[in-house]
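Peer 1: Right, I'll just put the structure down here and ask away after.
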Amino acid sequence: MFQITDIPRLLPEILLLVLALLVLGSDIFEKWGRTQEAQLERVRSSASLTAIGLGLIFFIALVQSGYIPFTVVPETAAPNFFINIVRNLQAGGPVGEPITGAFATDHLTMISRLTLIGAALLTSLLCLDYRPTAHPAEFYALILFATLGMCLMAGATELIIAYLAIELTSIPLYILAGYFRNDMRSSEAGMKYFLFGALSSGILLYGMSLTYGFTASALAGNSLGNNLTEFAQIASLARIADNQGILTLGMIFMIAGLGYKLAVVPFHGWSPDVYQGAPTPITAFVSTASKMAGFILLLRLLTTAFPGLTGTAVWGELSGWTSALALLAVLTLIVGNLAALPQTNAKRLLAWSSVAQAGFVLLAFVAWAAPQTFDRDQGTVALLYYLIVYTLTNLGAFGALAAVSMAVGGDEIADLNGLARRNLGLAVLMAICVLSLAGIPPLAGFFAKFYVFMVSWQSGAEWLVVIAVLTTVISLYYYLRLLKAMFMEPPAAETPVTAPPGITAAVVIAAAGLIILGLFPNLILGILSQVQTVAGF
């Protein structure tokens with residue numbers, strides 16, 4: 001039962017909802033002129049309010065988590081106004097059972113919240129000086145609603161909440177992808193995203209219905225509570241069931257439905273066209289925050305609802321969902337990297353790179369086939385570290401590309417020619433992000449890949465690690481093409497490329513994060529290690 005004391009545990013989500021309504025209301029009740037200057041000011045007003053609000057929510061969530069040592073209030077501290085506020089905030093920290101059995105506020109949720117809200121903050125900075133829109137408040141409110149849905153996805157422990165959270169995330173992203181209606185590529189991106197999203201939702205719902213049918217039939221109508229869709233209840237009934245065929249089929253359909261959201265092969269068909277056609281800051285947001293929320297939901301779903309179907313990814317003994325994800329990882333790594341090789345459009349190249357990166361993320365799931373709890377915990381830490389690094393990397397890369405696109409009017413690889421001579425700082429920042437994607441030390445991308453390789457190897461999937469290493473070598477070719485264009489090719493013009501301050505700030509934050517996390521990974525590994533085995537083995 002929901003209690004009043006559960007409100008602080010939902011505070012970040014409540015604040016995101018309030019901020020979205022505030023952004024909408026501030027634009028509706030303000031009278032704006034029709035001149036180009038007035039419209040630009042209208043865009044900046046909504047963007048600034050969104051960025052400031054997200055910054056405050058991020059700070060509140062950070063204090064609530066207690067991950068920063070100086071924010072933890074000792075029990076012996078004398079009470080005062082500020083001490084009481086902090087104590088009330090941290091009372092809703094990563095503790096307690098899931099709220100009504102449907103939403104967990106554990107360390108996994110808290111870390112995901114911080115990353116997702118941070119990604120939304122950087123996205124709002126990228127949009128700060130982007131193309132003006134006719135209704136900017138709607139644009140930024142949709143980003144906030146999508147972020148709210150992602151936070152709910154990260155904490156969902158029940159099928160209905162999980163599905164509603166996915167839809168709350170997806171519908172705003174469909175609109176954002178096709179927001180510029182006069183741009184044919186944007187309209188096409190929005191329509192393709194919507195059609196593939198509707199198909200994936202149907203597949204996901206079918207898997208959920210099969211799973212619900214399994215739990216209902218296992219209890220034969222003897223359930224007194226409305227908990228048949230809770231992940232923990234599904235797992236407990238699976239342990240005593242004689243026939244798990246329907247449950248396995250339901251799990252397969254749910255993996256396929258989420259596979260569309262994650263753009264893993266063979267469910268990736270929509271992603272290159274959508275990433276290329278959507279506004280570049282939205283492409284950055286979809287390719288990072290949306291994927292992270294999907295992977296966290298997939299982790300919680302598989303490890304909490306289907307622990308008995310884990311199986312193994314050892315070659316010759318393939319079974320369970322770890323083997324299915326291992327095969328998906330192989331397909332994703334091979335197709336994503338090979339398809340990126342012939343690309344001439346930088347945005348589309350990064351889109352295929354994002355497909356390939358999803359394959360590396362799947363390697364961390366294979367660690368759940370390990371018999372030792374420690375190895376499974378390390379798999380979760382590797383997964384979270386990779387997702388955080390990938391979020392920073394892609395936001396920075398797409399952000400730098402957005403600045404170039406605004407300056408030269410295109411996003412072909414040829415448009416990057418001579419960027420180092422036209423804006424050396426922007427070229428260096430983009431190079432840092434590209435090299436991190438390639439896994440070059442000492443950047444965080446290298447340690448992230450090494451970590452997922454290590455946990456996958458320890459689980460017995462050596463064959464998978466070998467394939468991943470080979471595809472990493474292949475990826476160096478197309479990443480170096482971007483560096484070659486920026487630093488070795490002559491520029492098409494000598495006029496300087498200027499980067500707007502909002503985009504510059506976002507890319508600098510992303511690049512600095514990659515350097516710091518690469519040199520000092522222990523800064524967050526200690527925090528990530530607090531996420532213990534999700535299924536509670």
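Chain labels follow the order of the structure tokens: the first chain is A, the next B, and so on; residue numbering restarts at 1 in every chain, and ligands are counted from 1 in their shown order.
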Name the residues of stretch 84-272 of chain A that fall into alpha helix (DSSP H) according to DSSP on the backbone, using the chain letters and numbers of this document, as number ranges by chain.

Peer 2: A: 84-90, 107-127, 136-155, 159-177, 184-219, 231-240, 245-262, 271-272

Peer 1: When you look at stretch 21-30 of chain A with a cut-off of 10 Å (counting only C-alpha atoms), what residues show up, excluding the ones that are within fewer than 4 positions of it in the same chain? I need them as a ChimeraX atom specification.

Peer 2: /A:15-17,42-43,45-50,53,135-142,144-145

Peer 1: Generate a file of the selected residues that holds N, CA, C and O atoms, formatted as a PDB file, in the first residue's frame.

Peer 2:
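So the final result, stored in out_37.pdb, reads:
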```pdb
ATOM      1  N   LEU A  15       9.381  16.007  -9.162  1.00  0.00           N
ATOM      2  CA  LEU A  15       9.963  17.282  -9.578  1.00  0.00           C
ATOM      3  C   LEU A  15      10.071  17.379 -11.095  1.00  0.00           C
ATOM      4  O   LEU A  15       9.894  18.464 -11.664  1.00  0.00           O
ATOM      5  N   LEU A  16      10.367  16.277 -11.771  1.00  0.00           N
ATOM      6  CA  LEU A  16      10.404  16.294 -13.239  1.00  0.00           C
ATOM      7  C   LEU A  16       9.032  16.617 -13.814  1.00  0.00           C
ATOM      8  O   LEU A  16       8.915  17.394 -14.783  1.00  0.00           O
ATOM      9  N   LEU A  17       7.988  16.047 -13.236  1.00  0.00           N
ATOM     10  CA  LEU A  17       6.623  16.339 -13.692  1.00  0.00           C
ATOM     11  C   LEU A  17       6.280  17.799 -13.462  1.00  0.00           C
ATOM     12  O   LEU A  17       5.733  18.475 -14.353  1.00  0.00           O
ATOM     13  N   ARG A  42      12.279  33.419 -27.019  1.00  0.00           N
ATOM     14  CA  ARG A  42      11.294  32.468 -26.496  1.00  0.00           C
ATOM     15  C   ARG A  42      11.921  31.080 -26.346  1.00  0.00           C
ATOM     16  O   ARG A  42      11.694  30.393 -25.338  1.00  0.00           O
ATOM     17  N   VAL A  43      12.710  30.686 -27.337  1.00  0.00           N
ATOM     18  CA  VAL A  43      13.392  29.395 -27.279  1.00  0.00           C
ATOM     19  C   VAL A  43      14.369  29.373 -26.115  1.00  0.00           C
ATOM     20  O   VAL A  43      14.417  28.423 -25.322  1.00  0.00           O
ATOM     21  N   SER A  45      14.365  31.131 -23.445  1.00  0.00           N
ATOM     22  CA  SER A  45      13.678  31.184 -22.158  1.00  0.00           C
ATOM     23  C   SER A  45      13.262  29.781 -21.712  1.00  0.00           C
ATOM     24  O   SER A  45      13.514  29.373 -20.570  1.00  0.00           O
ATOM     25  N   SER A  46      12.649  29.025 -22.619  1.00  0.00           N
ATOM     26  CA  SER A  46      12.232  27.663 -22.274  1.00  0.00           C
ATOM     27  C   SER A  46      13.435  26.777 -22.018  1.00  0.00           C
ATOM     28  O   SER A  46      13.447  25.969 -21.077  1.00  0.00           O
ATOM     29  N   ALA A  47      14.484  26.924 -22.851  1.00  0.00           N
ATOM     30  CA  ALA A  47      15.680  26.099 -22.687  1.00  0.00           C
ATOM     31  C   ALA A  47      16.383  26.403 -21.375  1.00  0.00           C
ATOM     32  O   ALA A  47      16.828  25.489 -20.669  1.00  0.00           O
ATOM     33  N   SER A  48      16.469  27.693 -21.030  1.00  0.00           N
ATOM     34  CA  SER A  48      17.155  28.072 -19.790  1.00  0.00           C
ATOM     35  C   SER A  48      16.402  27.561 -18.571  1.00  0.00           C
ATOM     36  O   SER A  48      17.011  27.043 -17.621  1.00  0.00           O
ATOM     37  N   LEU A  49      15.074  27.699 -18.595  1.00  0.00           N
ATOM     38  CA  LEU A  49      14.275  27.208 -17.472  1.00  0.00           C
ATOM     39  C   LEU A  49      14.426  25.693 -17.332  1.00  0.00           C
ATOM     40  O   LEU A  49      14.560  25.175 -16.215  1.00  0.00           O
ATOM     41  N   THR A  50      14.441  24.992 -18.460  1.00  0.00           N
ATOM     42  CA  THR A  50      14.607  23.539 -18.426  1.00  0.00           C
ATOM     43  C   THR A  50      15.973  23.155 -17.868  1.00  0.00           C
ATOM     44  O   THR A  50      16.088  22.270 -17.013  1.00  0.00           O
ATOM     45  N   GLY A  53      16.218  24.019 -14.119  1.00  0.00           N
ATOM     46  CA  GLY A  53      15.400  23.079 -13.354  1.00  0.00           C
ATOM     47  C   GLY A  53      16.028  21.702 -13.275  1.00  0.00           C
ATOM     48  O   GLY A  53      16.052  21.074 -12.207  1.00  0.00           O
ATOM     49  N   HIS A 135       7.019  26.233 -31.170  1.00  0.00           N
ATOM     50  CA  HIS A 135       6.482  26.033 -29.819  1.00  0.00           C
ATOM     51  C   HIS A 135       7.584  25.425 -28.945  1.00  0.00           C
ATOM     52  O   HIS A 135       7.556  24.218 -28.641  1.00  0.00           O
ATOM     53  N   PRO A 136       8.540  26.218 -28.527  1.00  0.00           N
ATOM     54  CA  PRO A 136       9.703  25.662 -27.804  1.00  0.00           C
ATOM     55  C   PRO A 136       9.355  25.016 -26.476  1.00  0.00           C
ATOM     56  O   PRO A 136       9.994  24.042 -26.073  1.00  0.00           O
ATOM     57  N   ALA A 137       8.334  25.544 -25.779  1.00  0.00           N
ATOM     58  CA  ALA A 137       7.989  24.968 -24.477  1.00  0.00           C
ATOM     59  C   ALA A 137       7.547  23.521 -24.625  1.00  0.00           C
ATOM     60  O   ALA A 137       7.879  22.668 -23.795  1.00  0.00           O
ATOM     61  N   GLU A 138       6.798  23.233 -25.678  1.00  0.00           N
ATOM     62  CA  GLU A 138       6.381  21.849 -25.917  1.00  0.00           C
ATOM     63  C   GLU A 138       7.600  20.969 -26.171  1.00  0.00           C
ATOM     64  O   GLU A 138       7.670  19.828 -25.701  1.00  0.00           O
ATOM     65  N   PHE A 139       8.559  21.499 -26.918  1.00  0.00           N
ATOM     66  CA  PHE A 139       9.772  20.749 -27.241  1.00  0.00           C
ATOM     67  C   PHE A 139      10.506  20.339 -25.969  1.00  0.00           C
ATOM     68  O   PHE A 139      10.843  19.162 -25.787  1.00  0.00           O
ATOM     69  N   TYR A 140      10.723  21.280 -25.068  1.00  0.00           N
ATOM     70  CA  TYR A 140      11.475  20.976 -23.844  1.00  0.00           C
ATOM     71  C   TYR A 140      10.634  20.195 -22.847  1.00  0.00           C
ATOM     72  O   TYR A 140      11.162  19.376 -22.091  1.00  0.00           O
ATOM     73  N   ALA A 141       9.332  20.429 -22.828  1.00  0.00           N
ATOM     74  CA  ALA A 141       8.466  19.642 -21.944  1.00  0.00           C
ATOM     75  C   ALA A 141       8.467  18.176 -22.364  1.00  0.00           C
ATOM     76  O   ALA A 141       8.440  17.271 -21.509  1.00  0.00           O
ATOM     77  N   LEU A 142       8.516  17.923 -23.672  1.00  0.00           N
ATOM     78  CA  LEU A 142       8.573  16.540 -24.143  1.00  0.00           C
ATOM     79  C   LEU A 142       9.863  15.866 -23.690  1.00  0.00           C
ATOM     80  O   LEU A 142       9.865  14.670 -23.344  1.00  0.00           O
ATOM     81  N   LEU A 144      11.399  16.516 -20.944  1.00  0.00           N
ATOM     82  CA  LEU A 144      11.203  16.253 -19.513  1.00  0.00           C
ATOM     83  C   LEU A 144      10.261  15.083 -19.280  1.00  0.00           C
ATOM     84  O   LEU A 144      10.505  14.243 -18.402  1.00  0.00           O
ATOM     85  N   PHE A 145       9.187  15.002 -20.054  1.00  0.00           N
ATOM     86  CA  PHE A 145       8.276  13.856 -19.908  1.00  0.00           C
ATOM     87  C   PHE A 145       8.988  12.545 -20.268  1.00  0.00           C
ATOM     88  O   PHE A 145       8.777  11.518 -19.611  1.00  0.00           O
TER      89      PHE A 145
END
```

Peer 1: Wanna dump the stretch 118-192 of chain A-stretch 260-280 of chain A contacts at 12 Å for me, each residue with its shortest atom pair and the distance in Å to one decimal, counting only C-alpha atoms, ordered by chain and number, as a tab-separated table?

Peer 2:
```
residue	atom	partner	partner_atom	distance
A:Thr123	CA	A:Thr280	CA	9.8
A:Ser124	CA	A:Thr280	CA	11.9
A:Leu126	CA	A:Thr280	CA	8.9
A:Cys127	CA	A:Thr280	CA	9.0
A:Tyr130	CA	A:Pro279	CA	9.1
A:Arg131	CA	A:Pro279	CA	9.0
A:Pro132	CA	A:Pro279	CA	11.6
A:Thr133	CA	A:Pro279	CA	11.4
A:Phe139	CA	A:Pro279	CA	11.4
A:Met150	CA	A:Lys261	CA	11.9
A:Ile166	CA	A:Lys261	CA	9.0
A:Glu167	CA	A:Lys261	CA	10.9
A:Thr169	CA	A:Lys261	CA	10.4
A:Ser170	CA	A:Lys261	CA	8.7
A:Leu173	CA	A:Ala278	CA	9.8
A:Tyr174	CA	A:Ala278	CA	9.6
A:Ile175	CA	A:Ala278	CA	9.9
A:Leu176	CA	A:Ala278	CA	7.6
A:Ala177	CA	A:Ala278	CA	4.5
A:Gly178	CA	A:Ala278	CA	6.3
A:Tyr179	CA	A:Ala278	CA	8.0
A:Phe180	CA	A:Pro279	CA	7.9
A:Arg181	CA	A:Ala278	CA	10.7
A:Asp183	CA	A:Gly277	CA	8.6
A:Met184	CA	A:Gly277	CA	8.2
A:Arg185	CA	A:Gly277	CA	4.5
A:Ser186	CA	A:Gly277	CA	4.6
A:Ser187	CA	A:Gly277	CA	7.7
A:Glu188	CA	A:Gly277	CA	7.0
A:Ala189	CA	A:Val274	CA	4.3
A:Gly190	CA	A:Val274	CA	7.0
A:Met191	CA	A:Val274	CA	8.9
A:Lys192	CA	A:Trp270	CA	6.4
```

Peer 1: Could those residues be written to a file, using N, CA, C and O atoms, as a short mmCIF file (atom, residue, chain, number, x, y, z; two decimals), in the first residue's frame?

Peer 2:
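Okay, this is what ended up in selection.cif:
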```cif
data_model
loop_
_atom_site.label_atom_id
_atom_site.label_comp_id
_atom_site.auth_asym_id
_atom_site.auth_seq_id
_atom_site.Cartn_x
_atom_site.Cartn_y
_atom_site.Cartn_z
N THR A 123 21.46 17.50 -22.79
CA THR A 123 20.66 17.66 -24.00
C THR A 123 20.01 19.04 -24.06
O THR A 123 19.96 19.67 -25.12
N SER A 124 19.52 19.53 -22.93
CA SER A 124 18.93 20.87 -22.91
C SER A 124 19.97 21.94 -23.22
O SER A 124 19.66 22.96 -23.85
N LEU A 126 22.55 21.39 -25.23
CA LEU A 126 22.76 21.26 -26.67
C LEU A 126 21.67 21.99 -27.45
O LEU A 126 21.92 22.54 -28.53
N CYS A 127 20.45 21.99 -26.91
CA CYS A 127 19.32 22.63 -27.59
C CYS A 127 19.26 24.14 -27.34
O CYS A 127 18.44 24.83 -27.97
N TYR A 130 20.08 25.84 -30.48
CA TYR A 130 19.76 25.11 -31.69
C TYR A 130 18.64 25.83 -32.44
O TYR A 130 18.17 26.90 -32.03
N ARG A 131 18.19 25.22 -33.52
CA ARG A 131 17.18 25.87 -34.37
C ARG A 131 15.95 26.27 -33.57
O ARG A 131 15.39 25.47 -32.83
N PRO A 132 15.49 27.52 -33.70
CA PRO A 132 14.25 27.92 -33.01
C PRO A 132 13.06 27.11 -33.52
O PRO A 132 12.98 26.74 -34.67
N THR A 133 12.15 26.81 -32.63
CA THR A 133 10.94 26.09 -33.00
C THR A 133 9.73 26.97 -32.73
O THR A 133 9.78 27.94 -31.98
N PHE A 139 8.56 21.50 -26.92
CA PHE A 139 9.77 20.75 -27.24
C PHE A 139 10.51 20.34 -25.97
O PHE A 139 10.84 19.16 -25.79
N MET A 150 11.80 7.53 -18.44
CA MET A 150 13.04 6.75 -18.31
C MET A 150 13.35 6.44 -16.85
O MET A 150 13.79 5.32 -16.52
N ILE A 166 7.61 2.70 -20.41
CA ILE A 166 8.14 2.64 -21.77
C ILE A 166 7.35 3.54 -22.70
O ILE A 166 7.92 4.28 -23.51
N GLU A 167 6.03 3.51 -22.58
CA GLU A 167 5.20 4.36 -23.44
C GLU A 167 5.37 5.84 -23.10
O GLU A 167 5.38 6.69 -24.00
N THR A 169 8.02 7.16 -22.13
CA THR A 169 9.30 7.52 -22.74
C THR A 169 9.19 7.61 -24.25
O THR A 169 9.69 8.56 -24.88
N SER A 170 8.54 6.64 -24.87
CA SER A 170 8.55 6.51 -26.32
C SER A 170 7.74 7.57 -27.03
O SER A 170 8.20 8.15 -28.03
N LEU A 173 9.40 10.85 -27.48
CA LEU A 173 10.54 10.73 -28.39
C LEU A 173 10.09 10.61 -29.84
O LEU A 173 10.78 11.10 -30.75
N TYR A 174 8.93 9.95 -30.10
CA TYR A 174 8.40 9.92 -31.46
C TYR A 174 8.16 11.34 -31.97
O TYR A 174 8.50 11.69 -33.10
N ILE A 175 7.54 12.15 -31.11
CA ILE A 175 7.22 13.53 -31.50
C ILE A 175 8.49 14.35 -31.69
O ILE A 175 8.61 15.12 -32.65
N LEU A 176 9.45 14.19 -30.78
CA LEU A 176 10.69 14.96 -30.87
C LEU A 176 11.48 14.61 -32.12
O LEU A 176 12.09 15.49 -32.74
N ALA A 177 11.49 13.32 -32.50
CA ALA A 177 12.23 12.92 -33.70
C ALA A 177 11.67 13.59 -34.95
O ALA A 177 12.43 13.93 -35.86
N GLY A 178 10.37 13.77 -35.02
CA GLY A 178 9.75 14.41 -36.19
C GLY A 178 9.27 15.82 -35.91
O GLY A 178 8.32 16.28 -36.56
N TYR A 179 9.92 16.50 -34.95
CA TYR A 179 9.39 17.79 -34.49
C TYR A 179 9.46 18.87 -35.57
O TYR A 179 8.58 19.72 -35.66
N PHE A 180 10.51 18.85 -36.40
CA PHE A 180 10.62 19.86 -37.45
C PHE A 180 9.85 19.37 -38.68
O PHE A 180 10.41 18.70 -39.55
N ARG A 181 8.59 19.72 -38.73
CA ARG A 181 7.69 19.17 -39.75
C ARG A 181 8.07 19.60 -41.16
O ARG A 181 7.77 18.91 -42.13
N ASP A 183 11.02 19.80 -42.31
CA ASP A 183 12.21 19.06 -42.71
C ASP A 183 11.79 17.63 -43.04
O ASP A 183 11.31 16.90 -42.18
N MET A 184 11.96 17.25 -44.31
CA MET A 184 11.48 15.93 -44.75
C MET A 184 12.16 14.80 -43.99
O MET A 184 11.52 13.81 -43.63
N ARG A 185 13.46 14.95 -43.72
CA ARG A 185 14.18 13.89 -43.00
C ARG A 185 13.66 13.75 -41.58
O ARG A 185 13.56 12.64 -41.05
N SER A 186 13.34 14.86 -40.94
CA SER A 186 12.82 14.81 -39.58
C SER A 186 11.43 14.16 -39.56
O SER A 186 11.14 13.33 -38.68
N SER A 187 10.59 14.52 -40.50
CA SER A 187 9.25 13.92 -40.57
C SER A 187 9.34 12.42 -40.82
O SER A 187 8.60 11.63 -40.22
N GLU A 188 10.25 12.03 -41.72
CA GLU A 188 10.44 10.60 -41.99
C GLU A 188 10.94 9.87 -40.75
O GLU A 188 10.49 8.75 -40.45
N ALA A 189 11.86 10.51 -40.02
CA ALA A 189 12.40 9.89 -38.81
C ALA A 189 11.30 9.67 -37.78
O ALA A 189 11.21 8.60 -37.16
N GLY A 190 10.45 10.68 -37.58
CA GLY A 190 9.37 10.56 -36.62
C GLY A 190 8.39 9.45 -36.99
O GLY A 190 7.95 8.67 -36.12
N MET A 191 8.04 9.35 -38.27
CA MET A 191 7.10 8.33 -38.71
C MET A 191 7.69 6.93 -38.57
O MET A 191 7.04 5.99 -38.09
N LYS A 192 8.95 6.75 -38.99
CA LYS A 192 9.58 5.44 -38.87
C LYS A 192 9.72 5.03 -37.41
O LYS A 192 9.48 3.87 -37.05
#
```

Peer 1: Pick out the residues sitting within 9 Å of A:Ala468, and hand them over as a ChimeraX atom specification; count only C-alpha atoms, and ignore anything fewer than 2 positions along from it in its own chain.

Peer 2: /A:329-330,333-334,359-360,363,453,463-466,470-473

Peer 1: Take the selection from the previous step and output its residues with N, CA and C atoms, as a PDB file, in the first residue's frame.

Peer 2:
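Okay, this is what ended up in result.pdb:
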```pdb
ATOM      1  N   ALA A 329      24.409 -10.159 -29.136  1.00  0.00           N
ATOM      2  CA  ALA A 329      25.608  -9.322 -29.057  1.00  0.00           C
ATOM      3  C   ALA A 329      26.513  -9.558 -30.262  1.00  0.00           C
ATOM      4  N   VAL A 330      26.694 -10.823 -30.655  1.00  0.00           N
ATOM      5  CA  VAL A 330      27.536 -11.135 -31.817  1.00  0.00           C
ATOM      6  C   VAL A 330      26.970 -10.495 -33.077  1.00  0.00           C
ATOM      7  N   LEU A 333      27.394  -6.640 -32.877  1.00  0.00           N
ATOM      8  CA  LEU A 333      28.775  -6.192 -33.060  1.00  0.00           C
ATOM      9  C   LEU A 333      29.207  -6.294 -34.517  1.00  0.00           C
ATOM     10  N   ILE A 334      28.879  -7.392 -35.160  1.00  0.00           N
ATOM     11  CA  ILE A 334      29.321  -7.604 -36.544  1.00  0.00           C
ATOM     12  C   ILE A 334      28.595  -6.666 -37.501  1.00  0.00           C
ATOM     13  N   GLY A 359      26.014  -3.768 -28.681  1.00  0.00           N
ATOM     14  CA  GLY A 359      26.560  -5.113 -28.589  1.00  0.00           C
ATOM     15  C   GLY A 359      27.560  -5.251 -27.460  1.00  0.00           C
ATOM     16  N   PHE A 360      28.391  -4.222 -27.257  1.00  0.00           N
ATOM     17  CA  PHE A 360      29.342  -4.263 -26.144  1.00  0.00           C
ATOM     18  C   PHE A 360      28.607  -4.257 -24.801  1.00  0.00           C
ATOM     19  N   LEU A 363      27.499  -7.622 -23.553  1.00  0.00           N
ATOM     20  CA  LEU A 363      28.514  -8.507 -22.981  1.00  0.00           C
ATOM     21  C   LEU A 363      28.419  -8.553 -21.459  1.00  0.00           C
ATOM     22  N   PHE A 453      34.701  -6.821 -21.263  1.00  0.00           N
ATOM     23  CA  PHE A 453      35.419  -7.995 -21.767  1.00  0.00           C
ATOM     24  C   PHE A 453      35.800  -8.924 -20.605  1.00  0.00           C
ATOM     25  N   TRP A 463      34.718 -17.114 -26.343  1.00  0.00           N
ATOM     26  CA  TRP A 463      34.466 -16.947 -27.784  1.00  0.00           C
ATOM     27  C   TRP A 463      33.819 -15.603 -28.082  1.00  0.00           C
ATOM     28  N   LEU A 464      32.951 -15.151 -27.193  1.00  0.00           N
ATOM     29  CA  LEU A 464      32.275 -13.876 -27.384  1.00  0.00           C
ATOM     30  C   LEU A 464      33.257 -12.716 -27.238  1.00  0.00           C
ATOM     31  N   VAL A 465      34.167 -12.810 -26.296  1.00  0.00           N
ATOM     32  CA  VAL A 465      35.153 -11.749 -26.095  1.00  0.00           C
ATOM     33  C   VAL A 465      36.080 -11.645 -27.301  1.00  0.00           C
ATOM     34  N   VAL A 466      36.470 -12.786 -27.868  1.00  0.00           N
ATOM     35  CA  VAL A 466      37.339 -12.768 -29.049  1.00  0.00           C
ATOM     36  C   VAL A 466      36.658 -12.028 -30.205  1.00  0.00           C
ATOM     37  N   LEU A 470      37.828  -8.434 -32.014  1.00  0.00           N
ATOM     38  CA  LEU A 470      38.022  -8.309 -33.460  1.00  0.00           C
ATOM     39  C   LEU A 470      37.176  -7.183 -34.047  1.00  0.00           C
ATOM     40  N   THR A 471      35.943  -7.074 -33.606  1.00  0.00           N
ATOM     41  CA  THR A 471      35.083  -5.999 -34.119  1.00  0.00           C
ATOM     42  C   THR A 471      35.548  -4.636 -33.609  1.00  0.00           C
ATOM     43  N   THR A 472      36.180  -4.605 -32.442  1.00  0.00           N
ATOM     44  CA  THR A 472      36.754  -3.344 -31.955  1.00  0.00           C
ATOM     45  C   THR A 472      37.866  -2.866 -32.887  1.00  0.00           C
ATOM     46  N   VAL A 473      38.682  -3.804 -33.350  1.00  0.00           N
ATOM     47  CA  VAL A 473      39.742  -3.457 -34.294  1.00  0.00           C
ATOM     48  C   VAL A 473      39.140  -2.935 -35.600  1.00  0.00           C
TER      49      VAL A 473
END
```

Peer 1: Go ahead and compute the interatomic distance for atom CA of A:Ala461 and atom CA of A:Ala313, in Å to one decimal.

Peer 2: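 Distance between the two atoms: 5.6 Å.
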
Peer 1: Using only C-alpha atoms, determine which residues lie at most 7 Å from A:Phe253, disregarding the query and same-chain residues fewer than 6 positions distant; provide the list as a list in words.

Peer 2: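 What passes the distance filter is Ile203, Leu204, Tyr206 and Gly207 of chain A.
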
Peer 1: Got a sec: who's within 12 Å of A:Ile14, counting only C-alpha atoms, leaving out chain neighbours fewer than 4 positions off, as a list in words?

Peer 2: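 Close residues of A:Ile14: Asp6, Ile7, Pro8, Arg9, Leu10, Val18, Leu19, Ala20, Leu21, Ile57, Ile60, Ala61, Leu144, Phe145, Thr147, Leu148, Gly149, Cys151 and Leu152 of chain A.
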